[in-house]
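Written below as structure tokens is the structure these notes are about.
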Amino acid sequence: MSASLSDALAVQGRVIGALLLRDMRTRFGRTFMGYVIIVAWPLSHLLLLMGVYLLTRRVAPLGTSVPVFLATGVLPYILCLYPGRMTMLCLVQNQPLLHFPIVKTTDVILARGILEILTACWVTVIFALLLYLTGVEIWPIHYQKAIFAIIATMYLGFGIGFFGAIMYKLVRAWLAIQIGLLITMYITSGVFFIPTSLHEDIQFYLWFNPLLHSVEWLRSAYYDGYGYGMLNQEYLIGFATILIFIGMLIDRFIRGRLLLA
């Protein structure tokens with residue numbers, strides 16, 4: 001690696017680190033409780049959904065544990081769509097910073113993405129610990145599959161957030177469009193049902209939802225032989241990568257318009 005490239009990467013690292021700290025202080029305040037509240041919000045969402053589902057349904061569509069079935073469906077939503085939605089807002093929320101020549105749009109997005117991924121990791125750990133303490137066998141059969149599924153899901157969330165941040169900066173109406181798309185992805189991802197139990201025509205359209213593959217991937221770590229009917233790991237990773245690539249292309253060719261939008 002040349003000295004100039006290493007120096008450039010070092011500068012970018014310092015910029016992203018500074019943006020990350022600024023984002024934390026702006027959103028969470030200077031106290032630890034601010035960050036606790038941010039983590040508690042998606043965590044409370046998880047627990048509320050699980051509580052309602054347990055009260056209305058006693059038999060799991062798959063396996064013998066209702067909490068495990070629901071957790072493997074809802075957790076990808078938290079790991080993907082929460083970070084995706086919050087990352088989408090970062091450029092608009094940090095508009096004044098974009099006027100500094102050293103700060104690039106990708107730096108702002110990366111800083112927010114890292115923060116949201118860290119938050120999602122904390123939510124996952126605390127959620128799993130709470131289920132374990134209440135007697136739920138939350139540990140997967142295939143640990144490696146579960147880890148890769150979680151990483152891939154967060155990567156998808158970052159891809160959605162990256163593309164959404166660029167689009168929302170250009171077109172304010174994109175906020176409503178993306179929220180509508182995220183809700184649709186959530187409803188059709190198989191959180192509360194098994195996709196392969198539906199008619200083949202419905203399965204065909206559901207297959208194009210990348211979040212469905214996140215759910216199927218995570219559930220395949222808990223249930224032997226599950227996921228072979230719908231799961232396509234390459235599609236999930238490729239979908240996220242394409243979103244990031246398109247976002248980078250837009251940023252590259254119309255960066256001036258992004259700064260003025």
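Chain labels run A, B, ... following the order of the structure tokens; each chain numbers its residues from 1, and ligands are numbered from 1 in the order shown.
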Listing only residues of range 35-82 of chain A within 8 Å of range 188-204 of chain A, what is the closest atom pair and its distance in Å (to one decimal) for each, using only C-alpha atoms, sorted by chain and residue number ascending, as a tab-separated table?
```
residue	atom	partner	partner_atom	distance
A:Pro61	CA	A:Phe193	CA	6.9
A:Leu62	CA	A:Ile194	CA	7.8
A:Leu70	CA	A:Val191	CA	6.6
A:Thr72	CA	A:Val191	CA	7.7
A:Gly73	CA	A:Val191	CA	4.1
A:Val74	CA	A:Val191	CA	5.9
```
Would you mind exporting C-alpha atoms of the selected residues as a PDB file, in the first residue's frame?
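Output contents, as saved in result_25.pdb:
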```
ATOM      1  CA  PRO A  61     -46.133 -23.202  13.152  1.00  0.00           C
ATOM      2  CA  LEU A  62     -42.658 -24.755  13.246  1.00  0.00           C
ATOM      3  CA  LEU A  70     -41.238 -15.663  16.612  1.00  0.00           C
ATOM      4  CA  THR A  72     -36.193 -15.892  14.454  1.00  0.00           C
ATOM      5  CA  GLY A  73     -38.759 -13.936  12.443  1.00  0.00           C
ATOM      6  CA  VAL A  74     -38.809 -10.617  14.280  1.00  0.00           C
TER       7      VAL A  74
END
```
query: DSSP on the backbone: what in range 109-210 of chain A comes out helix (DSSP H, G or I), as a PyMOL selection string?
result: chain A and resi 109-133+143-170+174-187+195-197+200-206+210
- request: Would you mind listing what lies within 12 Å of Tyr77 in chain A as an MDAnalysis selection string, with only C-alpha atoms counted and same-chain residues fewer than 2 positions away left out?
  value: chainID A and resid 42:43 45:46 49 70:75 79:85 120 123:124 150 153:154 156:157 182:191 210:215 218
query: With distances taken over only C-alpha atoms, which of A:Ala146, A:Leu206, A:Ile242, A:Ile250 is nearest to Tyr223 in chain A?
result: A:Ala146
Using only C-alpha atoms, tabulate the residues of range 116-190 of chain A lying at most 9 Å from any atom of range 86-99 of chain A, each with its closest atom pair and that distance in Å to one decimal, by chain and increasing residue number, as a tab-separated table.
```
residue	atom	partner	partner_atom	distance
A:Glu116	CA	A:Thr87	CA	7.4
A:Gly157	CA	A:Thr87	CA	8.7
A:Phe158	CA	A:Thr87	CA	7.3
A:Ile160	CA	A:Met88	CA	7.8
A:Gly161	CA	A:Met88	CA	4.6
A:Phe162	CA	A:Met88	CA	6.5
A:Phe163	CA	A:Met88	CA	7.5
A:Gly164	CA	A:Met88	CA	4.8
A:Ala165	CA	A:Met88	CA	3.9
A:Ile166	CA	A:Leu91	CA	7.6
A:Met167	CA	A:Met88	CA	8.4
A:Tyr168	CA	A:Met88	CA	6.9
A:Lys169	CA	A:Val92	CA	6.0
A:Leu175	CA	A:Met88	CA	8.1
A:Gln178	CA	A:Met88	CA	8.9
```
- request: Select, from A:Leu115, A:Leu133, A:Val39, A:Leu48, the residue with the minimum atom-to-atom distance to Leu20 in chain A, counting only C-alpha atoms.
  value: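 Comparing A:Leu115, A:Leu133, A:Val39, A:Leu48 against Leu20 in chain A, the winner is A:Leu115.
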query: What gap, in Å, lies between CA of Tyr226 in chain A and CA of Thr241 in chain A?
result: 25.4 Å
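Closest approach to Glu234 in chain A among A:Leu170, A:Ala152, A:Met248, A:Ala128 is made by A:Ala152 (distances from only C-alpha atoms).
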task: Have a look at CA of Trp122 in chain A and CA of Pro76 in chain A and let me know their distance in Å, one decimal.
output: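 Interatomic distance, CA of Trp122 in chain A to CA of Pro76 in chain A: 13.8 Å.
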